[in-house]
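Asker: Mind having a look at this structure? Questions to follow.
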Amino acid sequence: MDKIIYLDNAATTRMSKEAVDAMLPFLAEHYGNASSIYSLGTESKKAMTEVRETIARSIGAAPQEIYFTGGGSEADNWALVATAEAYADKGKHIITSKIEHHAVLHTCEYLQKRGFEITYVGVDENGILKLDELKKAIRPDTILISVMFANNEIGTIQPIKEIGEIAKERGILFHTDAVQAYCHVPINVDEYHIDMLSASAHKINGPKGIGFLYIRKGIKIRSFIHGGQQERGRRAGTENIPGIAGFGAAVDKAVASMEERMARETELRDYLIRRISEEIPYCRLNGDRAKRLPNNVNFSFRFIEGESLLIMLDMKGICASSGSACTSGSLDPSHVMLAIGLPHEIAHGSLRLTLSEENTREELDYAVDSIKEIVAKLRKMSPLYEDFVKKSK
Ligand SMILES: *Cc1c(COP(=O)(O)O)cnc(C)c1O
């Protein structure tokens, strides 16, 4: 095969034609500033208003509760830092999980250095948050619970509704990083008692550098970028209208196709999981088998290095990942793998394959055949594997 087989849709996705087409006019002729009075500007404003409505509808929110940001990381930073500042007089304790994206974890570290206390709640061996541990962690001075909707490495979907109920009962704000879940699984902010939600366009076939933070009406949360009156004065800066237009087209398409896409991806996912578990010895599926994103597959292969596997897959035109894009490049195994209790040597041999509806069975067959061949080759070179085979004889 000489074309690229893209199995890294949790890192980013290819923009849909609809999203590209929606952006082009705003990159070219419709360049007006949305804050202007003349009609060139009002066209931009109109597009933005429509997308805000589309997005609000997609999560059961009101348009005034949607704030555009420069992506998922910014939305996470904003939700945590601004809540911490606004509610510091009530308390300085925040609860999160051990398997959050670094956009949340590193923001928590930042807040810790500024006098906030953070409790990191653990997960079980499938990556599901321990609800009893969460309940025990709550204190009178807890102001925020931030737990991701679905994990970017192992695809586990959290019991968001239960977490939302716990937070609501105790009068604590609940933020969820839904970057991996948004438009991949149905989300309703009222049903799940979500007060703040982060999402990003480039994980749903939209452009990079645009996302949103949903902030429930009535929540006092500080401005994040200071300047002009954009986003009701809470996030200043001339709006990224091309990005917003592309985001809107991506959401339109993703919402309309969600059911069908989930079914197709689930089928591909399960096929991949079945073939790998049946045909490659000494492997382990990471993440919950059932409560799982439709497009996520994550395996650990004993006796191999995930990085070597990735390099050899790349030579075969296959794009995959060993964890999150942010973790690779570092020698430490991912914090998610450690949190689900994998020993270092097994955590190192992990491979994440994240699908899109465009993937075909033929591509997956080629990928599995390649993984099989490479894993066997790498194991042949591994002294640990040699020892293991000798001992088990
Ligand atoms: C990709 C991702 C982010 C970061 O979003 P950006 O738009 O790339 O800043 C945050 N959280 C999760 C779970 C992600 O997968």
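Starting from 1 in every chain, residues are counted up; chains themselves are A, B, ... following the order of the structure tokens, and ligands are numbered from 1 as listed.
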Go through the chains and note each residue within 9 Å of ligand 1, using only C-alpha atoms and all ligand atoms, then give the set as a count of residues only.
Answerer: 38
Asker: From a DSSP pass on the backbone, collect the residues of region 156-217 of chain A flagged as strand (DSSP E or B) and hand them back as a list in words.
Answerer: Thr156, Ile157, Leu173, Phe174, His175, Thr176, Asp177, Tyr182, Val185, Met196, Leu197, Ser198, Ala199, Ser200, Gly211, Phe212, Leu213, Tyr214 and Ile215 of chain A
Asker: Let me see the file: selected residues, N, CA and C atoms, as an mmCIF file, in the first residue's frame.
Answerer:
```
data_model
loop_
_atom_site.group_PDB
_atom_site.id
_atom_site.type_symbol
_atom_site.label_atom_id
_atom_site.label_comp_id
_atom_site.auth_asym_id
_atom_site.auth_seq_id
_atom_site.Cartn_x
_atom_site.Cartn_y
_atom_site.Cartn_z
ATOM 1 N N THR A 156 -11.808 5.417 27.534
ATOM 2 C CA THR A 156 -12.826 5.135 28.555
ATOM 3 C C THR A 156 -13.760 6.331 28.762
ATOM 4 N N ILE A 157 -15.063 6.046 28.755
ATOM 5 C CA ILE A 157 -16.072 7.076 28.988
ATOM 6 C C ILE A 157 -16.453 7.056 30.466
ATOM 7 N N LEU A 173 -19.115 23.171 41.593
ATOM 8 C CA LEU A 173 -19.137 23.301 40.136
ATOM 9 C C LEU A 173 -18.510 22.067 39.491
ATOM 10 N N PHE A 174 -19.036 21.712 38.317
ATOM 11 C CA PHE A 174 -18.539 20.538 37.611
ATOM 12 C C PHE A 174 -18.109 20.921 36.194
ATOM 13 N N HIS A 175 -16.821 20.756 35.928
ATOM 14 C CA HIS A 175 -16.282 20.990 34.585
ATOM 15 C C HIS A 175 -15.893 19.653 33.961
ATOM 16 N N THR A 176 -16.167 19.500 32.663
ATOM 17 C CA THR A 176 -15.674 18.304 31.979
ATOM 18 C C THR A 176 -14.940 18.674 30.697
ATOM 19 N N ASP A 177 -13.767 18.077 30.526
ATOM 20 C CA ASP A 177 -13.023 18.193 29.280
ATOM 21 C C ASP A 177 -13.641 17.159 28.336
ATOM 22 N N TYR A 182 -16.994 15.120 22.440
ATOM 23 C CA TYR A 182 -17.923 16.029 21.774
ATOM 24 C C TYR A 182 -18.133 15.643 20.311
ATOM 25 N N VAL A 185 -20.040 11.158 20.908
ATOM 26 C CA VAL A 185 -21.134 10.521 21.643
ATOM 27 C C VAL A 185 -22.112 11.630 22.033
ATOM 28 N N MET A 196 -19.582 23.386 33.153
ATOM 29 C CA MET A 196 -18.634 23.905 32.160
ATOM 30 C C MET A 196 -18.138 22.734 31.316
ATOM 31 N N LEU A 197 -17.954 22.994 30.037
ATOM 32 C CA LEU A 197 -17.539 21.901 29.135
ATOM 33 C C LEU A 197 -16.580 22.453 28.082
ATOM 34 N N SER A 198 -15.462 21.750 27.889
ATOM 35 C CA SER A 198 -14.483 22.160 26.875
ATOM 36 C C SER A 198 -14.591 21.270 25.649
ATOM 37 N N ALA A 199 -14.467 21.879 24.461
ATOM 38 C CA ALA A 199 -14.446 21.099 23.221
ATOM 39 C C ALA A 199 -13.529 21.782 22.216
ATOM 40 N N SER A 200 -13.178 21.043 21.170
ATOM 41 C CA SER A 200 -12.214 21.541 20.187
ATOM 42 C C SER A 200 -12.610 21.088 18.786
ATOM 43 N N GLY A 211 -12.011 26.361 19.483
ATOM 44 C CA GLY A 211 -12.777 25.480 20.358
ATOM 45 C C GLY A 211 -13.793 26.313 21.099
ATOM 46 N N PHE A 212 -14.411 25.739 22.101
ATOM 47 C CA PHE A 212 -15.311 26.552 22.917
ATOM 48 C C PHE A 212 -15.330 26.059 24.349
ATOM 49 N N LEU A 213 -15.735 26.983 25.221
ATOM 50 C CA LEU A 213 -16.029 26.623 26.602
ATOM 51 C C LEU A 213 -17.500 26.937 26.824
ATOM 52 N N TYR A 214 -18.251 25.936 27.249
ATOM 53 C CA TYR A 214 -19.632 26.164 27.675
ATOM 54 C C TYR A 214 -19.579 26.575 29.147
ATOM 55 N N ILE A 215 -20.227 27.685 29.462
ATOM 56 C CA ILE A 215 -20.309 28.117 30.869
ATOM 57 C C ILE A 215 -21.781 28.300 31.200
#
```
Asker: Given only C-alpha atoms as the basis, pick out the residue of A:Ile273, A:Tyr67, A:Glu265, A:Tyr38 nearest to Gly233 (chain A).
Answerer: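 Of the candidates, the smallest distance to Gly233 (chain A) is held by A:Tyr67.
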Asker: Given only C-alpha atoms as the basis, pick out the residue of A:Arg232, A:Ala320, A:Ile241, A:Tyr192 nearest to Ala61 (chain A).
Answerer: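 Checking each of A:Arg232, A:Ala320, A:Ile241, A:Tyr192 against Ala61 (chain A), counting only C-alpha atoms, the winner is A:Tyr192.
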Asker: When you count only C-alpha atoms, which of these residues is closest to Glu345 (chain A): A:Ser300, A:Asn295, A:Thr107, A:Asn359?
Answerer: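 Closest to Glu345 (chain A) of all the choices is A:Ser300.
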Asker: Mind dumping a table of every region 259-349 of chain A residue within 12 Å of region 116-136 of chain A, with the nearest atom pair and its distance in Å to one decimal, using only C-alpha atoms, sorted by chain and rising number, as a Markdown table?
Answerer:
```
| residue | atom | partner | partner_atom | distance |
| --- | --- | --- | --- | --- |
| A:Arg284 | CA | A:Asn126 | CA | 11.3 |
| A:Leu285 | CA | A:Asn126 | CA | 9.3 |
| A:Asn286 | CA | A:Asn126 | CA | 6.7 |
| A:Gly287 | CA | A:Asn126 | CA | 4.5 |
| A:Asp288 | CA | A:Asn126 | CA | 4.7 |
| A:Arg289 | CA | A:Asn126 | CA | 8.0 |
| A:Ala290 | CA | A:Asn126 | CA | 10.0 |
| A:Lys291 | CA | A:Ile128 | CA | 8.8 |
| A:Arg292 | CA | A:Asn126 | CA | 9.8 |
| A:Asn298 | CA | A:Asn126 | CA | 11.4 |
| A:His335 | CA | A:Gly122 | CA | 11.3 |
| A:Val336 | CA | A:Gly127 | CA | 7.9 |
| A:Met337 | CA | A:Gly127 | CA | 8.9 |
| A:Leu338 | CA | A:Glu125 | CA | 9.8 |
| A:Ala339 | CA | A:Val123 | CA | 6.6 |
| A:Ile340 | CA | A:Glu125 | CA | 4.5 |
| A:Gly341 | CA | A:Glu125 | CA | 6.2 |
| A:Leu342 | CA | A:Glu125 | CA | 8.4 |
| A:Pro343 | CA | A:Glu125 | CA | 11.9 |
```
Asker: At what distance in Å, to one decimal, does CA of Ser322 (chain A) lie from CA of Lys377 (chain A)?
Answerer: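 These atoms are spaced 18.1 Å apart.
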Asker: Might you pull out every residue within 8 Å of Asp141 (chain A), with only C-alpha atoms counted and same-chain residues fewer than 6 positions away left off, and present them as a VMD selection string?
Answerer: chain A and resid 90 to 93
Asker: So which residues touch region 19-30 of chain A within 6 Å, counting only C-alpha atoms, skipping near sequence neighbours fewer than 2 positions away, as an NGL selection string?
Answerer: :A and (16-17 or 32 or 206 or 242 or 245-246 or 249-250)
Asker: As a list of chain:residue names, please: the residues near Glu307 (chain A) (cut-off 9 Å, only C-alpha atoms, same-chain neighbours under 6 positions excluded).
Answerer: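 So the residues in contact are A:Ser321, A:Ser322, A:Ser328, A:His348, A:Gly349, A:Ser350, A:Leu351.
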Asker: Save out the residues we just selected, C-alpha atoms, as a PDB file, in the first residue's frame.
Answerer:
```
ATOM      1  CA  SER A 321       0.325   6.768  18.506  1.00  0.00           C
ATOM      2  CA  SER A 322       1.754   5.343  21.690  1.00  0.00           C
ATOM      3  CA  SER A 328       5.432  11.098  23.147  1.00  0.00           C
ATOM      4  CA  HIS A 348       5.940   1.224  27.429  1.00  0.00           C
ATOM      5  CA  GLY A 349       4.655  -1.230  24.861  1.00  0.00           C
ATOM      6  CA  SER A 350       1.352   0.431  24.193  1.00  0.00           C
ATOM      7  CA  LEU A 351      -0.209   1.386  20.907  1.00  0.00           C
TER       8      LEU A 351
END
```
Asker: Lys372 (chain A): which residues within 12 Å, counting only C-alpha atoms, same-chain residues fewer than 4 positions away excluded, as a tab-separated table (two decimals) with all heavy atoms, in the first residue's frame?
Answerer:
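What landed in selection_5.tsv:
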```
chain	number	residue	atom	x	y	z
A	275	ARG	N	-9.37	-8.99	16.05
A	275	ARG	CA	-8.24	-9.54	15.30
A	275	ARG	C	-6.94	-9.45	16.11
A	275	ARG	O	-6.18	-10.41	16.17
A	275	ARG	CB	-8.05	-8.81	13.95
A	275	ARG	CG	-8.84	-9.45	12.81
A	275	ARG	CD	-8.18	-9.19	11.46
A	275	ARG	NE	-6.90	-9.90	11.32
A	275	ARG	CZ	-6.08	-9.73	10.30
A	275	ARG	NH1	-6.37	-8.88	9.33
A	275	ARG	NH2	-4.94	-10.39	10.24
A	276	ILE	N	-6.71	-8.32	16.74
A	276	ILE	CA	-5.45	-8.17	17.50
A	276	ILE	C	-5.43	-9.14	18.68
A	276	ILE	O	-4.45	-9.86	18.88
A	276	ILE	CB	-5.23	-6.72	17.96
A	276	ILE	CG1	-4.99	-5.82	16.74
A	276	ILE	CG2	-4.05	-6.62	18.93
A	276	ILE	CD1	-4.82	-4.34	17.05
A	277	SER	N	-6.51	-9.21	19.45
A	277	SER	CA	-6.47	-10.10	20.62
A	277	SER	C	-6.37	-11.56	20.23
A	277	SER	O	-5.77	-12.35	20.95
A	277	SER	CB	-7.65	-9.91	21.58
A	277	SER	OG	-8.59	-9.03	21.11
A	278	GLU	N	-6.95	-11.92	19.08
A	278	GLU	CA	-6.89	-13.34	18.69
A	278	GLU	C	-5.58	-13.71	18.04
A	278	GLU	O	-5.13	-14.85	18.14
A	278	GLU	CB	-8.05	-13.66	17.73
A	278	GLU	CG	-9.37	-13.83	18.46
A	278	GLU	CD	-10.56	-13.96	17.51
A	278	GLU	OE1	-10.34	-14.05	16.27
A	278	GLU	OE2	-11.70	-13.96	18.00
A	279	GLU	N	-4.93	-12.75	17.38
A	279	GLU	CA	-3.79	-13.14	16.56
A	279	GLU	C	-2.42	-12.75	17.10
A	279	GLU	O	-1.41	-13.22	16.63
A	279	GLU	CB	-3.96	-12.54	15.14
A	279	GLU	CG	-5.20	-13.10	14.46
A	279	GLU	CD	-5.41	-12.47	13.09
A	279	GLU	OE1	-4.41	-12.16	12.41
A	279	GLU	OE2	-6.59	-12.29	12.72
A	280	ILE	N	-2.40	-11.86	18.11
A	280	ILE	CA	-1.10	-11.47	18.65
A	280	ILE	C	-1.02	-11.89	20.11
A	280	ILE	O	-1.81	-11.44	20.93
A	280	ILE	CB	-0.86	-9.95	18.49
A	280	ILE	CG1	-1.03	-9.55	17.02
A	280	ILE	CG2	0.54	-9.56	19.00
A	280	ILE	CD1	-0.79	-8.09	16.72
A	281	PRO	N	-0.09	-12.78	20.45
A	281	PRO	CA	0.01	-13.25	21.84
A	281	PRO	C	0.57	-12.17	22.77
A	281	PRO	O	1.22	-11.23	22.31
A	281	PRO	CB	0.96	-14.44	21.75
A	281	PRO	CG	1.73	-14.25	20.49
A	281	PRO	CD	0.89	-13.45	19.57
A	282	TYR	N	0.33	-12.35	24.05
A	282	TYR	CA	0.84	-11.46	25.11
A	282	TYR	C	0.50	-9.99	24.86
A	282	TYR	O	1.37	-9.12	24.87
A	282	TYR	CB	2.36	-11.62	25.29
A	282	TYR	CG	2.78	-13.07	25.35
A	282	TYR	CD1	3.64	-13.61	24.40
A	282	TYR	CD2	2.27	-13.90	26.35
A	282	TYR	CE1	3.99	-14.96	24.43
A	282	TYR	CE2	2.62	-15.25	26.38
A	282	TYR	CZ	3.47	-15.77	25.42
A	282	TYR	OH	3.80	-17.08	25.45
A	283	CYS	N	-0.78	-9.76	24.59
A	283	CYS	CA	-1.20	-8.37	24.48
A	283	CYS	C	-2.36	-8.14	25.44
A	283	CYS	O	-2.97	-9.09	25.93
A	283	CYS	CB	-1.59	-8.01	23.05
A	283	CYS	SG	-3.11	-8.78	22.50
A	301	PHE	N	1.58	-4.37	24.20
A	301	PHE	CA	2.23	-5.61	23.77
A	301	PHE	C	3.43	-5.82	24.67
A	301	PHE	O	4.30	-4.93	24.75
A	301	PHE	CB	2.65	-5.51	22.31
A	301	PHE	CG	1.50	-5.24	21.37
A	301	PHE	CD1	1.26	-3.95	20.91
A	301	PHE	CD2	0.65	-6.26	20.98
A	301	PHE	CE1	0.18	-3.68	20.06
A	301	PHE	CE2	-0.42	-6.01	20.14
A	301	PHE	CZ	-0.66	-4.72	19.68
A	309	LEU	N	7.74	0.35	17.64
A	309	LEU	CA	6.58	-0.11	16.87
A	309	LEU	C	6.03	1.02	15.99
A	309	LEU	O	5.76	0.82	14.80
A	309	LEU	CB	5.52	-0.61	17.86
A	309	LEU	CG	4.18	-1.10	17.33
A	309	LEU	CD1	4.35	-2.20	16.30
A	309	LEU	CD2	3.31	-1.61	18.49
A	312	MET	N	8.30	1.75	12.98
A	312	MET	CA	8.20	0.72	11.94
A	312	MET	C	6.83	0.75	11.25
A	312	MET	O	6.73	0.45	10.06
A	312	MET	CB	8.53	-0.66	12.53
A	312	MET	CG	10.02	-0.74	12.87
A	312	MET	SD	10.46	-2.14	13.89
A	312	MET	CE	10.62	-3.43	12.68
A	313	LEU	N	5.81	1.14	11.98
A	313	LEU	CA	4.49	1.30	11.35
A	313	LEU	C	4.52	2.47	10.36
A	313	LEU	O	3.94	2.42	9.29
A	313	LEU	CB	3.41	1.52	12.41
A	313	LEU	CG	2.94	0.28	13.17
A	313	LEU	CD1	2.01	0.68	14.31
A	313	LEU	CD2	2.24	-0.71	12.24
A	365	ASP	N	-7.06	-4.48	8.03
A	365	ASP	CA	-6.38	-5.76	7.82
A	365	ASP	C	-4.89	-5.54	7.58
A	365	ASP	O	-4.05	-6.23	8.14
A	365	ASP	CB	-7.01	-6.50	6.62
A	365	ASP	CG	-8.33	-7.15	7.01
A	365	ASP	OD1	-8.48	-7.53	8.19
A	365	ASP	OD2	-9.21	-7.27	6.15
A	366	TYR	N	-4.59	-4.56	6.74
A	366	TYR	CA	-3.19	-4.25	6.46
A	366	TYR	C	-2.49	-3.80	7.75
A	366	TYR	O	-1.36	-4.21	8.03
A	366	TYR	CB	-3.12	-3.14	5.39
A	366	TYR	CG	-1.73	-2.64	5.11
A	366	TYR	CD1	-0.82	-3.41	4.38
A	366	TYR	CD2	-1.31	-1.39	5.58
A	366	TYR	CE1	0.46	-2.95	4.13
A	366	TYR	CE2	-0.03	-0.92	5.33
A	366	TYR	CZ	0.85	-1.70	4.60
A	366	TYR	OH	2.11	-1.23	4.35
A	367	ALA	N	-3.18	-3.00	8.58
A	367	ALA	CA	-2.59	-2.54	9.83
A	367	ALA	C	-2.34	-3.71	10.77
A	367	ALA	O	-1.25	-3.83	11.35
A	367	ALA	CB	-3.50	-1.50	10.49
A	368	VAL	N	-3.31	-4.59	10.93
A	368	VAL	CA	-3.12	-5.72	11.85
A	368	VAL	C	-1.98	-6.62	11.35
A	368	VAL	O	-1.11	-7.03	12.13
A	368	VAL	CB	-4.42	-6.56	12.01
A	368	VAL	CG1	-4.15	-7.77	12.91
A	368	VAL	CG2	-5.54	-5.72	12.60
A	376	ALA	N	6.34	-9.38	16.16
A	376	ALA	CA	7.14	-10.62	16.14
A	376	ALA	C	8.62	-10.30	15.94
A	376	ALA	O	9.50	-10.84	16.61
A	376	ALA	CB	6.62	-11.54	15.04
A	377	LYS	N	8.89	-9.37	15.03
A	377	LYS	CA	10.26	-8.98	14.72
A	377	LYS	C	10.93	-8.35	15.94
A	377	LYS	O	12.05	-8.69	16.31
A	377	LYS	CB	10.23	-7.97	13.55
A	377	LYS	CG	11.52	-7.92	12.75
A	377	LYS	CD	11.45	-6.88	11.65
A	377	LYS	CE	10.84	-7.42	10.36
A	377	LYS	NZ	10.75	-6.37	9.30
A	378	LEU	N	10.21	-7.45	16.60
A	378	LEU	CA	10.79	-6.76	17.76
A	378	LEU	C	11.01	-7.74	18.91
A	378	LEU	O	12.00	-7.64	19.64
A	378	LEU	CB	9.88	-5.61	18.21
A	378	LEU	CG	9.82	-4.38	17.30
A	378	LEU	CD1	8.72	-3.42	17.75
A	378	LEU	CD2	11.17	-3.67	17.27
A	379	ARG	N	10.09	-8.67	19.06
A	379	ARG	CA	10.24	-9.64	20.16
A	379	ARG	C	11.45	-10.53	19.91
A	379	ARG	O	12.14	-10.93	20.85
A	379	ARG	CB	8.97	-10.48	20.30
A	379	ARG	CG	7.90	-9.71	21.06
A	379	ARG	CD	6.64	-10.51	21.24
A	379	ARG	NE	5.65	-9.73	22.00
A	379	ARG	CZ	4.35	-9.98	22.02
A	379	ARG	NH1	3.86	-11.00	21.33
A	379	ARG	NH2	3.54	-9.23	22.73
```
Asker: Identify all residues of region 51-169 of chain A in alpha helix (DSSP H) (DSSP on the backbone) and supply them as a PyMOL selection string.
Answerer: chain A and resi 51-59+72-87+102-113+131-137+160-169
Asker: Grab the CA of Arg114 (chain A) to CA of Arg234 (chain A) distance for me, in Å with one decimal place.
Answerer: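 Computing the Euclidean distance for CA of Arg114 (chain A) and CA of Arg234 (chain A) yields 22.2 Å.
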Asker: Let me make sure I understand: among A:Gly171, A:Pro383, A:Gly60, A:Gly237, which one has the smallest atom-to-atom distance to Ile187 (chain A) if we use only C-alpha atoms?
Answerer: A:Gly60
Asker: Identify which of the residues A:Lys316, A:Arg352, A:Arg222, A:His106 lies closest to Asp8 (chain A), counting only C-alpha atoms when measuring atom-to-atom distances.
Answerer: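 Closest residue, counting only C-alpha atoms: A:Arg352.
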Asker: If we count only C-alpha atoms and set the cut-off at 12 Å, which residues sit around Lys253 (chain A), ignoring sequence neighbours fewer than 5 positions away in its own chain? Please answer as an mmCIF file with N, CA and C atoms, in the first residue's frame.
Answerer:
```
data_model
loop_
_atom_site.group_PDB
_atom_site.id
_atom_site.type_symbol
_atom_site.label_atom_id
_atom_site.label_comp_id
_atom_site.auth_asym_id
_atom_site.auth_seq_id
_atom_site.Cartn_x
_atom_site.Cartn_y
_atom_site.Cartn_z
ATOM 1 N N MET A 15 -9.653 17.692 7.996
ATOM 2 C CA MET A 15 -10.816 18.565 7.855
ATOM 3 C C MET A 15 -11.751 18.033 6.779
ATOM 4 N N SER A 16 -13.045 18.113 7.058
ATOM 5 C CA SER A 16 -14.025 17.694 6.058
ATOM 6 C C SER A 16 -14.078 18.747 4.947
ATOM 7 N N LYS A 17 -14.544 18.339 3.780
ATOM 8 C CA LYS A 17 -14.667 19.276 2.663
ATOM 9 C C LYS A 17 -15.635 20.399 3.053
ATOM 10 N N GLU A 18 -16.685 20.023 3.770
ATOM 11 C CA GLU A 18 -17.675 21.013 4.197
ATOM 12 C C GLU A 18 -17.027 22.089 5.071
ATOM 13 N N ALA A 19 -16.137 21.657 5.970
ATOM 14 C CA ALA A 19 -15.484 22.621 6.859
ATOM 15 C C ALA A 19 -14.558 23.544 6.068
ATOM 16 N N ALA A 22 -16.614 26.011 4.084
ATOM 17 C CA ALA A 22 -17.248 27.028 4.930
ATOM 18 C C ALA A 22 -16.250 28.112 5.330
ATOM 19 N N THR A 54 -25.724 26.742 16.553
ATOM 20 C CA THR A 54 -25.527 25.320 16.189
ATOM 21 C C THR A 54 -24.854 24.569 17.323
ATOM 22 N N ILE A 55 -23.814 25.172 17.861
ATOM 23 C CA ILE A 55 -23.058 24.508 18.925
ATOM 24 C C ILE A 55 -23.906 24.384 20.189
ATOM 25 N N SER A 58 -26.213 21.600 19.969
ATOM 26 C CA SER A 58 -25.583 20.277 19.969
ATOM 27 C C SER A 58 -25.358 19.718 21.365
ATOM 28 N N CYS A 183 -19.379 15.455 19.943
ATOM 29 C CA CYS A 183 -19.781 15.031 18.598
ATOM 30 C C CYS A 183 -19.380 13.594 18.279
ATOM 31 N N HIS A 184 -18.812 12.896 19.241
ATOM 32 C CA HIS A 184 -18.516 11.473 19.054
ATOM 33 C C HIS A 184 -19.546 10.626 19.781
ATOM 34 N N ILE A 204 -12.956 16.935 15.520
ATOM 35 C CA ILE A 204 -14.199 16.516 14.852
ATOM 36 C C ILE A 204 -14.216 16.975 13.386
ATOM 37 N N ASN A 205 -13.070 16.882 12.732
ATOM 38 C CA ASN A 205 -12.942 17.235 11.316
ATOM 39 C C ASN A 205 -13.143 18.718 11.031
ATOM 40 N N GLY A 206 -12.882 19.539 12.019
ATOM 41 C CA GLY A 206 -12.887 20.980 11.853
ATOM 42 C C GLY A 206 -11.461 21.510 11.895
ATOM 43 N N GLY A 246 -15.661 27.180 9.995
ATOM 44 C CA GLY A 246 -15.272 25.789 9.760
ATOM 45 C C GLY A 246 -15.764 24.875 10.872
ATOM 46 N N PHE A 247 -15.683 25.365 12.098
ATOM 47 C CA PHE A 247 -16.155 24.616 13.275
ATOM 48 C C PHE A 247 -17.645 24.325 13.112
ATOM 49 N N GLY A 248 -18.395 25.358 12.713
ATOM 50 C CA GLY A 248 -19.844 25.207 12.560
ATOM 51 C C GLY A 248 -20.203 24.132 11.538
ATOM 52 N N MET A 258 -24.044 11.470 13.507
ATOM 53 C CA MET A 258 -23.489 10.838 14.717
ATOM 54 C C MET A 258 -23.881 9.372 14.881
ATOM 55 N N GLU A 259 -25.170 9.095 14.760
ATOM 56 C CA GLU A 259 -25.636 7.738 15.023
ATOM 57 C C GLU A 259 -24.982 6.725 14.070
ATOM 58 N N GLU A 260 -25.039 7.092 12.785
ATOM 59 C CA GLU A 260 -24.491 6.226 11.749
ATOM 60 C C GLU A 260 -22.979 6.031 11.920
ATOM 61 N N ARG A 261 -22.318 7.151 12.243
ATOM 62 C CA ARG A 261 -20.864 7.125 12.400
ATOM 63 C C ARG A 261 -20.472 6.281 13.606
#
```
Asker: Between CA of Ala79 (chain A) and CA of Ser44 (chain A), what is the spacing in Å?
Answerer: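 Between CA of Ser44 (chain A) and CA of Ala79 (chain A) the gap is 26.6 Å.
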